[in-house]
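*Asks:* Next up, run-v9.pdb (PDB, C-alpha atoms).
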ATOM      1  CA  MET A 443     143.283  72.068  92.330
ATOM      2  CA  CYS A 444     143.363  70.760  95.862
ATOM      3  CA  GLU A 445     146.618  68.906  96.505
ATOM      4  CA  GLU A 446     146.258  68.257 100.226
ATOM      5  CA  SER A 447     143.926  65.812 101.859
ATOM      6  CA  PRO A 448     141.084  67.446 103.791
ATOM      7  CA  GLU A 449     142.616  66.158 107.037
ATOM      8  CA  SER A 450     145.907  67.984 106.474
ATOM      9  CA  GLN A 451     144.166  71.085 105.208
ATOM     10  CA  HIS A 452     141.862  71.188 108.171
ATOM     11  CA  ASP A 453     144.014  69.779 110.969
ATOM     12  CA  ARG A 454     143.035  72.563 113.324
ATOM     13  CA  GLN A 455     139.408  71.536 113.287
ATOM     14  CA  PRO A 456     137.807  69.181 115.822
ATOM     15  CA  ASP A 457     136.697  65.702 114.754
ATOM     16  CA  ARG A 458     133.194  67.031 114.135
ATOM     17  CA  VAL A 459     134.452  69.213 111.289
ATOM     18  CA  ARG A 460     137.036  66.816 109.911
ATOM     19  CA  GLN A 461     134.524  64.043 109.420
ATOM     20  CA  SER A 462     133.939  63.180 105.781
ATOM     21  CA  GLN A 463     131.983  59.983 105.985
ATOM     22  CA  ALA A 464     129.007  61.607 104.326
ATOM     23  CA  CYS A 465     131.164  62.233 101.272
ATOM     24  CA  ASP A 466     132.032  58.540 101.100
ATOM     25  CA  THR A 467     130.118  55.829  99.290
ATOM     26  CA  ASP A 468     129.656  54.063 102.613
ATOM     27  CA  ARG A 469     126.901  56.570 103.360
ATOM     28  CA  GLN A 470     124.631  54.748 100.947
ATOM     29  CA  GLU A 471     125.140  51.452 102.775
ATOM     30  CA  ALA A 472     124.243  53.114 106.060
ATOM     31  CA  VAL A 473     120.784  54.078 104.858
ATOM     32  CA  GLN A 474     118.334  51.567 106.248
ATOM     33  CA  SER A 475     115.536  50.280 104.058
ATOM     34  CA  GLN A 476     112.072  50.794 105.515
ATOM     35  CA  PRO A 477     109.215  48.374 104.782
ATOM     36  CA  ALA A 478     106.194  49.772 103.034
ATOM     37  CA  ALA A 479     103.491  50.163 105.663
ATOM     38  CA  VAL A 480     100.052  48.628 105.086
ATOM     39  CA  PRO A 481      97.191  50.723 106.495
ATOM     40  CA  ALA A 482      95.208  49.064 109.271
ATOM     41  CA  GLU A 483      92.045  49.276 107.230
ATOM     42  CA  SER A 484      93.613  47.634 104.188
ATOM     43  CA  PRO A 485      91.415  44.811 102.835
ATOM     44  CA  VAL A 486      94.473  42.821 101.792
ATOM     45  CA  GLU A 487      94.923  39.697 103.903
ATOM     46  CA  PRO A 488      98.465  38.963 105.183
ATOM     47  CA  ALA A 489      98.683  35.837 102.987
ATOM     48  CA  GLU A 490      98.136  37.982  99.905
ATOM     49  CA  GLN A 491     100.875  40.498 100.688
ATOM     50  CA  ALA A 492     104.156  40.372  98.819
ATOM     51  CA  ASP A 493     106.832  38.231 100.463
ATOM     52  CA  GLU A 494     109.381  41.057 100.333
ATOM     53  CA  PRO A 495     108.473  44.641 101.374
ATOM     54  CA  ALA A 496     109.356  47.421  98.986
ATOM     55  CA  ALA A 497     112.695  49.018  99.855
ATOM     56  CA  ALA A 498     112.881  52.751 100.484
ATOM     57  CA  PRO A 499     114.942  54.690  97.918
ATOM     58  CA  VAL A 500     118.588  55.151  98.824
ATOM     59  CA  GLN A 501     119.417  58.728  99.741
ATOM     60  CA  VAL A 502     122.390  60.154  97.879
ATOM     61  CA  PRO A 503     124.610  62.809  99.487
ATOM     62  CA  VAL A 504     123.449  66.388  98.967
ATOM     63  CA  VAL A 505     126.531  68.553  99.390
ATOM     64  CA  ALA A 506     126.564  72.337  99.657
ATOM     65  CA  VAL A 507     129.808  74.003  98.604
ATOM     66  CA  VAL A 508     129.965  77.505 100.104
ATOM     67  CA  LEU A 509     132.493  79.651  98.251
ATOM     68  CA  ALA A 510     134.066  82.206 100.597
ATOM     69  CA  ALA A 511     137.451  82.583  98.945
ATOM     70  CA  GLY A 512     136.964  85.935  97.222
ATOM     71  CA  PHE A 513     139.130  88.880  98.267
ATOM     72  CA  GLY A 514     136.419  91.471  97.581
ATOM     73  CA  THR A 515     138.614  94.274  96.239
ATOM     74  CA  ARG A 516     135.529  96.242  95.144
ATOM     75  CA  PHE A 517     134.173  96.086  98.681
ATOM     76  CA  ASP A 518     137.092  96.720 101.047
ATOM     77  CA  ALA A 519     140.362  94.850 100.672
ATOM     78  CA  ARG A 520     141.154  95.437 104.361
ATOM     79  CA  ASN A 521     137.775  94.217 105.584
ATOM     80  CA  PRO A 522     136.690  90.968 103.831
ATOM     81  CA  LYS A 523     132.977  91.073 103.104
ATOM     82  CA  GLN A 524     132.573  87.402 104.104
ATOM     83  CA  LEU A 525     133.327  88.456 107.678
ATOM     84  CA  VAL A 526     131.333  91.690 107.804
ATOM     85  CA  ALA A 527     128.461  91.450 110.297
ATOM     86  CA  VAL A 528     124.858  91.854 109.212
ATOM     87  CA  ALA A 529     122.469  91.964 112.175
ATOM     88  CA  ASN A 530     125.359  90.941 114.444
ATOM     89  CA  LYS A 531     126.240  87.844 112.408
ATOM     90  CA  PRO A 532     129.048  87.492 109.822
ATOM     91  CA  VAL A 533     127.907  87.158 106.233
ATOM     92  CA  VAL A 534     129.565  83.739 105.833
ATOM     93  CA  CYS A 535     127.635  82.410 108.839
ATOM     94  CA  TRP A 536     124.321  83.465 107.318
ATOM     95  CA  SER A 537     125.195  81.488 104.185
ATOM     96  CA  ILE A 538     126.395  78.400 106.043
ATOM     97  CA  GLU A 539     123.247  78.387 108.181
ATOM     98  CA  ALA A 540     121.007  78.437 105.108
ATOM     99  CA  PHE A 541     122.284  74.927 104.353
ATOM    100  CA  GLU A 542     122.958  73.788 107.915
ATOM    101  CA  TYR A 543     119.295  74.205 108.845
ATOM    102  CA  ASP A 544     117.925  72.558 105.697
ATOM    103  CA  PRO A 545     117.395  68.887 106.631
ATOM    104  CA  ARG A 546     117.855  67.814 103.011
ATOM    105  CA  ILE A 547     121.471  68.982 102.966
ATOM    106  CA  THR A 548     123.774  66.235 104.234
ATOM    107  CA  ASP A 549     127.195  67.910 104.064
ATOM    108  CA  ILE A 550     128.817  71.320 103.717
ATOM    109  CA  VAL A 551     132.262  72.208 102.368
ATOM    110  CA  VAL A 552     133.469  75.773 102.906
ATOM    111  CA  VAL A 553     136.119  77.131 100.528
ATOM    112  CA  VAL A 554     138.159  80.057 101.862
ATOM    113  CA  ASN A 555     141.235  82.131 101.135
ATOM    114  CA  PRO A 556     144.192  82.197 103.552
ATOM    115  CA  GLN A 557     143.260  85.691 104.734
ATOM    116  CA  VAL A 558     139.997  84.534 106.330
ATOM    117  CA  ARG A 559     140.640  80.863 107.044
ATOM    118  CA  ASP A 560     141.470  81.120 110.742
ATOM    119  CA  GLU A 561     138.459  83.298 111.421
ATOM    120  CA  VAL A 562     136.073  81.079 109.437
ATOM    121  CA  GLU A 563     137.346  78.037 111.318
ATOM    122  CA  ARG A 564     136.669  79.822 114.591
ATOM    123  CA  LEU A 565     133.182  80.835 113.487
ATOM    124  CA  VAL A 566     132.335  77.282 112.438
ATOM    125  CA  ASP A 567     133.472  75.964 115.809
ATOM    126  CA  GLU A 568     131.587  78.669 117.665
ATOM    127  CA  GLY A 569     128.427  78.187 115.611
ATOM    128  CA  GLY A 570     128.446  74.413 116.066
ATOM    129  CA  TYR A 571     127.749  73.790 112.375
ATOM    130  CA  ALA A 572     127.737  69.997 112.448
ATOM    131  CA  LYS A 573     127.331  69.547 108.678
ATOM    132  CA  VAL A 574     130.584  71.352 107.862
ATOM    133  CA  ARG A 575     132.873  68.431 106.980
ATOM    134  CA  ALA A 576     135.849  70.426 105.721
ATOM    135  CA  ILE A 577     137.215  73.928 105.311
ATOM    136  CA  ILE A 578     139.638  74.065 102.404
ATOM    137  CA  GLU A 579     141.560  76.785 100.599
ATOM    138  CA  GLY A 580     140.449  77.910  97.170
ATOM    139  CA  GLY A 581     142.339  79.608  94.374
ATOM    140  CA  ALA A 582     142.920  82.933  92.713
ATOM    141  CA  GLU A 583     139.648  82.835  90.779
ATOM    142  CA  ARG A 584     136.169  81.524  91.484
ATOM    143  CA  VAL A 585     136.603  78.565  89.138
ATOM    144  CA  ASP A 586     139.785  77.582  90.981
ATOM    145  CA  SER A 587     137.833  77.435  94.230
ATOM    146  CA  THR A 588     135.121  75.272  92.674
ATOM    147  CA  GLU A 589     137.753  72.938  91.240
ATOM    148  CA  SER A 590     139.368  72.600  94.672
ATOM    149  CA  ALA A 591     136.051  71.542  96.179
ATOM    150  CA  LEU A 592     135.303  69.096  93.368
ATOM    151  CA  GLN A 593     138.750  67.542  93.702
ATOM    152  CA  MET A 594     138.283  67.113  97.450
ATOM    153  CA  LEU A 595     134.937  65.415  96.927
ATOM    154  CA  ALA A 596     136.436  63.150  94.268
ATOM    155  CA  ASP A 597     139.289  62.215  96.611
ATOM    156  CA  PHE A 598     136.704  61.152  99.172
ATOM    157  CA  GLY A 599     134.938  58.947  96.647
ATOM    158  CA  ILE A 600     131.666  60.845  96.539
ATOM    159  CA  PRO A 601     129.077  58.947  94.450
ATOM    160  CA  GLN A 602     128.795  60.048  90.842
ATOM    161  CA  ASP A 603     125.082  60.717  91.262
ATOM    162  CA  ALA A 604     125.527  62.879  94.363
ATOM    163  CA  LYS A 605     123.853  66.276  94.264
ATOM    164  CA  VAL A 606     126.219  69.254  94.598
ATOM    165  CA  LEU A 607     124.962  72.792  95.244
ATOM    166  CA  ILE A 608     127.545  75.556  94.753
ATOM    167  CA  HIS A 609     126.748  78.833  96.503
ATOM    168  CA  ASP A 610     128.390  82.242  96.831
ATOM    169  CA  SER A 611     128.869  83.016 100.516
ATOM    170  CA  VAL A 612     128.145  86.683  99.808
ATOM    171  CA  ARG A 613     124.530  85.809  99.002
ATOM    172  CA  PRO A 614     123.655  85.382 102.687
ATOM    173  CA  PHE A 615     119.855  85.317 102.456
ATOM    174  CA  VAL A 616     119.142  82.568  99.950
ATOM    175  CA  GLU A 617     115.627  81.182 100.452
ATOM    176  CA  ARG A 618     114.977  77.622 101.586
ATOM    177  CA  SER A 619     112.602  77.255  98.618
ATOM    178  CA  SER A 620     115.478  77.941  96.202
ATOM    179  CA  ILE A 621     117.732  75.368  97.857
ATOM    180  CA  ASP A 622     115.037  72.700  97.869
ATOM    181  CA  GLY A 623     114.055  73.659  94.333
ATOM    182  CA  CYS A 624     117.591  72.867  93.184
ATOM    183  CA  ILE A 625     117.556  69.509  94.964
ATOM    184  CA  ASP A 626     114.229  68.599  93.355
ATOM    185  CA  ALA A 627     115.283  69.781  89.889
ATOM    186  CA  LEU A 628     118.214  67.356  89.935
ATOM    187  CA  ASP A 629     115.751  64.466  89.982
ATOM    188  CA  GLU A 630     114.827  65.421  86.415
ATOM    189  CA  PHE A 631     117.879  67.332  85.134
ATOM    190  CA  ASP A 632     121.632  66.997  85.594
ATOM    191  CA  ALA A 633     122.039  70.726  86.234
ATOM    192  CA  ALA A 634     119.993  73.603  87.624
ATOM    193  CA  THR A 635     120.500  77.208  88.627
ATOM    194  CA  VAL A 636     118.601  79.686  90.733
ATOM    195  CA  ALA A 637     117.650  82.753  88.711
ATOM    196  CA  MET A 638     115.331  85.747  88.714
ATOM    197  CA  ALA A 639     113.317  86.888  85.704
ATOM    198  CA  SER A 640     114.693  90.192  84.472
ATOM    199  CA  THR A 641     112.381  93.180  84.887
ATOM    200  CA  ASP A 642     114.619  95.301  82.694
ATOM    201  CA  THR A 643     115.161  95.143  78.955
ATOM    202  CA  ILE A 644     118.587  93.646  78.237
ATOM    203  CA  LEU A 645     120.781  95.143  75.532
ATOM    204  CA  VAL A 646     123.391  93.094  73.680
ATOM    205  CA  THR A 647     126.162  95.441  72.582
ATOM    206  CA  GLU A 648     129.225  95.514  70.381
ATOM    207  CA  ASP A 649     132.237  97.806  70.154
ATOM    208  CA  LEU A 650     132.250 100.678  67.685
ATOM    209  CA  GLY A 651     135.596 102.334  68.152
ATOM    210  CA  ASP A 652     135.699 103.685  71.685
ATOM    211  CA  ARG A 653     131.909 103.457  72.119
ATOM    212  CA  LYS A 654     129.474 100.619  72.778
ATOM    213  CA  VAL A 655     126.471 100.380  70.478
ATOM    214  CA  VAL A 656     123.368  98.189  70.620
ATOM    215  CA  HIS A 657     123.702  95.015  68.599
ATOM    216  CA  ALA A 658     120.467  93.240  69.621
ATOM    217  CA  VAL A 659     117.515  93.532  72.015
ATOM    218  CA  PRO A 660     116.468  90.039  73.171
ATOM    219  CA  ASP A 661     112.910  89.298  74.238
ATOM    220  CA  ARG A 662     112.735  90.249  77.910
ATOM    221  CA  SER A 663     110.572  87.216  78.729
ATOM    222  CA  ASP A 664     113.583  85.010  77.967
ATOM    223  CA  MET A 665     116.022  87.004  80.109
ATOM    224  CA  PHE A 666     116.946  85.915  83.650
ATOM    225  CA  ARG A 667     119.478  87.137  86.216
ATOM    226  CA  ALA A 668     121.617  84.301  87.526
ATOM    227  CA  GLN A 669     121.909  83.706  91.252
ATOM    228  CA  THR A 670     123.193  80.822  93.354
ATOM    229  CA  PRO A 671     123.136  78.048  94.370
ATOM    230  CA  GLN A 672     123.868  76.385  91.075
ATOM    231  CA  ALA A 673     123.293  72.650  91.330
ATOM    232  CA  PHE A 674     124.622  69.606  89.517
ATOM    233  CA  ARG A 675     124.945  65.872  89.654
ATOM    234  CA  PHE A 676     128.565  65.389  90.644
ATOM    235  CA  LYS A 677     129.543  63.492  87.489
ATOM    236  CA  THR A 678     128.149  66.322  85.337
ATOM    237  CA  ILE A 679     129.973  69.257  86.902
ATOM    238  CA  ARG A 680     133.159  67.226  87.307
ATOM    239  CA  HIS A 681     133.185  66.256  83.635
ATOM    240  CA  ALA A 682     132.433  69.816  82.531
ATOM    241  CA  TYR A 683     135.430  71.110  84.474
ATOM    242  CA  GLU A 684     137.655  68.388  83.065
ATOM    243  CA  LEU A 685     136.770  69.512  79.550
ATOM    244  CA  ALA A 686     137.137  73.188  80.446
ATOM    245  CA  ALA A 687     140.621  72.605  81.842
ATOM    246  CA  GLN A 688     141.764  71.741  78.312
ATOM    247  CA  ASP A 689     140.702  75.171  77.017
ATOM    248  CA  PRO A 690     143.375  77.890  77.436
ATOM    249  CA  ASP A 691     140.670  80.566  77.139
ATOM    250  CA  PHE A 692     138.628  79.117  79.999
ATOM    251  CA  HIS A 693     137.508  82.048  82.212
ATOM    252  CA  PRO A 694     133.830  81.572  83.164
ATOM    253  CA  THR A 695     132.310  83.651  85.922
ATOM    254  CA  ASP A 696     129.986  80.964  87.223
ATOM    255  CA  ASP A 697     129.552  77.201  87.211
ATOM    256  CA  THR A 698     126.455  77.087  85.022
ATOM    257  CA  ARG A 699     128.416  78.553  82.155
ATOM    258  CA  VAL A 700     130.981  75.757  82.433
ATOM    259  CA  VAL A 701     128.230  73.229  81.761
ATOM    260  CA  VAL A 702     126.557  75.320  79.044
ATOM    261  CA  ASP A 703     129.849  75.905  77.203
ATOM    262  CA  TYR A 704     131.421  72.458  77.517
ATOM    263  CA  LEU A 705     128.390  70.151  77.793
ATOM    264  CA  PRO A 706     125.995  71.907  75.381
ATOM    265  CA  ASP A 707     123.596  68.950  75.268
ATOM    266  CA  THR A 708     123.006  69.165  79.024
ATOM    267  CA  ARG A 709     119.898  71.137  79.885
ATOM    268  CA  VAL A 710     120.115  73.486  82.887
ATOM    269  CA  ALA A 711     116.802  73.932  84.703
ATOM    270  CA  ILE A 712     115.751  77.307  86.097
ATOM    271  CA  VAL A 713     114.783  77.426  89.793
ATOM    272  CA  ALA A 714     112.993  80.478  91.133
ATOM    273  CA  GLY A 715     115.196  82.917  93.011
ATOM    274  CA  SER A 716     114.263  85.882  95.184
ATOM    275  CA  GLU A 717     115.160  89.511  95.693
ATOM    276  CA  SER A 718     116.590  88.652  99.112
ATOM    277  CA  ASN A 719     119.181  86.421  97.429
ATOM    278  CA  MET A 720     121.199  89.415  96.283
ATOM    279  CA  LYS A 721     124.973  89.423  96.101
ATOM    280  CA  ILE A 722     127.040  91.740  98.271
ATOM    281  CA  THR A 723     129.589  93.384  95.994
ATOM    282  CA  THR A 724     129.922  96.965  97.265
ATOM    283  CA  GLN A 725     129.295  98.843 100.493
ATOM    284  CA  ASP A 726     125.966 100.025  99.081
ATOM    285  CA  ASP A 727     124.869  96.402  98.650
ATOM    286  CA  LEU A 728     125.627  95.733 102.305
ATOM    287  CA  GLU A 729     123.237  98.459 103.377
ATOM    288  CA  MET A 730     120.501  97.122 101.123
ATOM    289  CA  VAL A 731     120.849  93.512 102.257
ATOM    290  CA  LYS A 732     120.398  94.381 105.936
ATOM    291  CA  ARG A 733     116.648  94.700 105.428
ATOM    292  CA  PHE A 734     116.406  90.971 104.733
ATOM    293  CA  ALA A 735     118.026  89.894 108.008
ATOM    294  CA  PHE A 736     114.926  89.995 110.230
ATOM    295  CA  GLU A 737     112.777  87.854 107.950
ATOM    296  CA  ALA A 738     115.646  85.415 107.373
ATOM    297  CA  THR A 739     116.075  85.006 111.129
ATOM    298  CA  ARG A 740     112.395  84.132 111.527
ATOM    299  CA  LYS A 741     112.323  81.650 108.635
ATOM    300  CA  ARG A 742     115.518  79.877 109.651
ATOM    301  CA  ALA A 743     114.321  79.436 113.206
ATOM    302  CA  ILE A 744     111.318  77.594 111.766
ATOM    303  CA  ASP A 745     113.543  75.556 109.433
ATOM    304  CA  ARG A 746     115.785  74.588 112.327
ATOM    305  CA  VAL A 747     112.902  73.276 114.420
ATOM    306  CA  GLN A 748     111.319  71.429 111.499
ATOM    307  CA  GLY A 749     114.656  69.880 110.604
ATOM    308  CA  MET A 750     114.986  68.463 114.089
ATOM    309  CA  VAL A 751     111.598  66.768 114.148
ATOM    310  CA  ARG A 752     110.979  65.802 110.512
ATOM    311  CA  PRO A 753     114.058  65.387 108.292
ATOM    312  CA  GLY A 754     113.350  65.634 104.578
ATOM    313  CA  GLU A 755     114.395  63.356 101.752
ATOM    314  CA  ALA A 756     116.787  64.246  98.947
TER     315      ALA A 756
END
Do you think you could lay out the structure here as structure tokens?

*Replies:*
Amino acid sequence: MCEESPESQHDRQPDRVRQSQACDTDRQEAVQSQPAAVPAESPVEPAEQADEPAAAPVQVPVVAVVLAAGFGTRFDARNPKQLVAVANKPVVCWSIEAFEYDPRITDIVVVVNPQVRDEVERLVDEGGYAKVRAIIEGGAERVDSTESALQMLADFGIPQDAKVLIHDSVRPFVERSSIDGCIDALDEFDAATVAMASTDTILVTEDLGDRKVVHAVPDRSDMFRAQTPQAFRFKTIRHAYELAAQDPDFHPTDDTRVVVDYLPDTRVAIVAGSESNMKITTQDDLEMVKRFAFEATRKRAIDRVQGMVRPGEA
């Protein structure tokens, strides 16, 4: 868990990065209510209009947690994959920009390991990523890094209904449609995950001595391959981790499983993923993912311009 305040953890960052006001409940008070406009051609006379205009819905924080704390031993322990360049840009920067340029994302928290922290801090400064509020250190396992981020958000008093999207930094080319799909799904569900329908038949196996044998063959139409981001209302993912912490056998590999295992009555919506949202695990994956860089550059340039002129709503 995170024991330091974000200020002490991130004291080398400029004020722009240390800011955490968007993770505070004061953000809600800062949202101005807009009166409902009446079209010029409306037949309603002013005397017949309601005395009080309808208030615009309050926007809750939409926080992206970018997990970049893995050591990547299967990739190259001496060359962290978060920092490897794809099309002349580090992998972690591609992932941060996916959320930075989405106008519906209000805040970004980057979770790192000590080996890459200084470099990630430099890249954030250099990239001018204004939504990055904090860079904090994670833990030995993925779940430890998620818990550190959740604790930091709790310390800052993030609203219980805030939307939190947790993303693996080594999935650098996540589509804007998947991010926005997660945000929209949380209006109906308390949890959602990006996933791709499996094109392969999945085999459930069991051990038979020193050999695996097929135990079951599930219907392929029900099989999906999990991706990220995985999205939750803050109170949901926080409570799931609190329950999981009481289980000595708690070793999930992703955040959706924490909710499925410890909050079984909570439904997790599926949001459409994409082939470009692949995870870099080995050197071979790095070569494959390079083909997505050109299209991602084009799409994000459009997102960046649109975000400047017409911010979206959460």

*Asks:* Can you list, as a list of chain:residue names, the residues that the PyMOL selection byres ((chain A and resi 533) around 10) selects here?

*Replies:*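 The output of the PyMOL selection byres ((chain A and resi 533) around 10) on this file is A:Ala510, A:Pro522, A:Lys523, A:Gln524, A:Leu525, A:Val526, A:Ala527, A:Val528, A:Ala529, A:Asn530, A:Lys531, A:Pro532, A:Val534, A:Cys535, A:Trp536, A:Ser537, A:Ile538, A:Ser611, A:Val612, A:Arg613, A:Pro614, A:Phe615, A:Ile722, A:Leu728.
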
*Asks:* Record the distance separating atom CA of A:Ser663 and atom CA of A:Ile644, expressed in Å with one decimal.

*Replies:*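 Computed distance, atom CA of A:Ser663 to atom CA of A:Ile644, equals 10.3 Å.
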
*Asks:* List, as a VMD selection string, every residue that the PyMOL selection byres ((chain A and resi 620-625) around 10) selects in the file provided.

*Replies:* chain A and resid 504 506 540 to 541 544 to 547 605 to 607 609 616 to 619 626 to 631 633 to 637 669 to 675 711 to 716 719 754 to 756

*Asks:* Please dump the current selection as a PDB file, in the frame of the given file; keep C-alpha atoms.

*Replies:*
ATOM      1  CA  VAL A 504     123.449  66.388  98.967  1.00  0.00           C
ATOM      2  CA  ALA A 506     126.564  72.337  99.657  1.00  0.00           C
ATOM      3  CA  ALA A 540     121.007  78.437 105.108  1.00  0.00           C
ATOM      4  CA  PHE A 541     122.284  74.927 104.353  1.00  0.00           C
ATOM      5  CA  ASP A 544     117.925  72.558 105.697  1.00  0.00           C
ATOM      6  CA  PRO A 545     117.395  68.887 106.631  1.00  0.00           C
ATOM      7  CA  ARG A 546     117.855  67.814 103.011  1.00  0.00           C
ATOM      8  CA  ILE A 547     121.471  68.982 102.966  1.00  0.00           C
ATOM      9  CA  LYS A 605     123.853  66.276  94.264  1.00  0.00           C
ATOM     10  CA  VAL A 606     126.219  69.254  94.598  1.00  0.00           C
ATOM     11  CA  LEU A 607     124.962  72.792  95.244  1.00  0.00           C
ATOM     12  CA  HIS A 609     126.748  78.833  96.503  1.00  0.00           C
ATOM     13  CA  VAL A 616     119.142  82.568  99.950  1.00  0.00           C
ATOM     14  CA  GLU A 617     115.627  81.182 100.452  1.00  0.00           C
ATOM     15  CA  ARG A 618     114.977  77.622 101.586  1.00  0.00           C
ATOM     16  CA  SER A 619     112.602  77.255  98.618  1.00  0.00           C
ATOM     17  CA  ASP A 626     114.229  68.599  93.355  1.00  0.00           C
ATOM     18  CA  ALA A 627     115.283  69.781  89.889  1.00  0.00           C
ATOM     19  CA  LEU A 628     118.214  67.356  89.935  1.00  0.00           C
ATOM     20  CA  ASP A 629     115.751  64.466  89.982  1.00  0.00           C
ATOM     21  CA  GLU A 630     114.827  65.421  86.415  1.00  0.00           C
ATOM     22  CA  PHE A 631     117.879  67.332  85.134  1.00  0.00           C
ATOM     23  CA  ALA A 633     122.039  70.726  86.234  1.00  0.00           C
ATOM     24  CA  ALA A 634     119.993  73.603  87.624  1.00  0.00           C
ATOM     25  CA  THR A 635     120.500  77.208  88.627  1.00  0.00           C
ATOM     26  CA  VAL A 636     118.601  79.686  90.733  1.00  0.00           C
ATOM     27  CA  ALA A 637     117.650  82.753  88.711  1.00  0.00           C
ATOM     28  CA  GLN A 669     121.909  83.706  91.252  1.00  0.00           C
ATOM     29  CA  THR A 670     123.193  80.822  93.354  1.00  0.00           C
ATOM     30  CA  PRO A 671     123.136  78.048  94.370  1.00  0.00           C
ATOM     31  CA  GLN A 672     123.868  76.385  91.075  1.00  0.00           C
ATOM     32  CA  ALA A 673     123.293  72.650  91.330  1.00  0.00           C
ATOM     33  CA  PHE A 674     124.622  69.606  89.517  1.00  0.00           C
ATOM     34  CA  ARG A 675     124.945  65.872  89.654  1.00  0.00           C
ATOM     35  CA  ALA A 711     116.802  73.932  84.703  1.00  0.00           C
ATOM     36  CA  ILE A 712     115.751  77.307  86.097  1.00  0.00           C
ATOM     37  CA  VAL A 713     114.783  77.426  89.793  1.00  0.00           C
ATOM     38  CA  ALA A 714     112.993  80.478  91.133  1.00  0.00           C
ATOM     39  CA  GLY A 715     115.196  82.917  93.011  1.00  0.00           C
ATOM     40  CA  SER A 716     114.263  85.882  95.184  1.00  0.00           C
ATOM     41  CA  ASN A 719     119.181  86.421  97.429  1.00  0.00           C
ATOM     42  CA  GLY A 754     113.350  65.634 104.578  1.00  0.00           C
ATOM     43  CA  GLU A 755     114.395  63.356 101.752  1.00  0.00           C
ATOM     44  CA  ALA A 756     116.787  64.246  98.947  1.00  0.00           C
TER      45      ALA A 756
END

*Asks:* Provide the atom CA of A:Glu583 to atom CA of A:Asp642 distance in Å, to one decimal place.

*Replies:*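 Answer for the atom CA of A:Glu583 to atom CA of A:Asp642 separation: 29.1 Å.
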
*Asks:* Which residue gives the smallest distance to A:Lys721 among A:Val502, A:Ile600, A:Glu568, A:Arg667, with only C-alpha atoms counted?

*Replies:*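 Looking at the shortest contact to A:Lys721, the residue is A:Arg667.
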
*Asks:* Go through A:Pro503, A:Gly569, A:Gly512, A:Gly581 one by one, measure the shortest atom-to-atom distance of each to A:Ile550 using only C-alpha atoms, and give the residue with the smallest value.

*Replies:*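 For A:Ile550, the nearest of the given residues is A:Pro503.
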
*Asks:* Kindly indicate which residue among A:Gln602, A:Gln593, A:Ser587, A:Ser640 lies nearest to A:Glu717, using all atoms listed in the file for the distances.

*Replies:*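 With all atoms listed in the file as the atom set, the closest residue is A:Ser640.
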
*Asks:* Name the residues that the PyMOL selection byres ((chain A and resi 595) around 10) picks from the file above, as a list of chain:residue names, using the file's chain letters and numbers.

*Replies:*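 With the PyMOL selection byres ((chain A and resi 595) around 10) on this model, the match is A:Pro448, A:Ser462, A:Cys465, A:Asp466, A:Val505, A:Val551, A:Glu589, A:Ser590, A:Ala591, A:Leu592, A:Gln593, A:Met594, A:Ala596, A:Asp597, A:Phe598, A:Gly599, A:Ile600, A:Pro601, A:Val606, A:Phe676, A:Arg680.
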
*Asks:* What does the distance between atom CA of A:Ile578 and atom CA of A:Asn521 come to in Å, to one decimal place?

*Replies:*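 Spanning atom CA of A:Ile578 to atom CA of A:Asn521 is a straight-line distance of 20.5 Å.
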
*Asks:* When distances are computed from all atoms listed in the file, which of A:Ala682, A:Leu650, A:Val562, A:Val585 shows the smallest separation from A:Pro694?

*Replies:*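 For A:Pro694, the nearest of the given residues is A:Val585.
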
*Asks:* Find the residue from A:Val558, A:Met720, A:Ala576, A:Leu685 that sits nearest to A:Asp703; use all atoms listed in the file when measuring.

*Replies:*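 Among the listed residues, A:Leu685 lies closest to A:Asp703.
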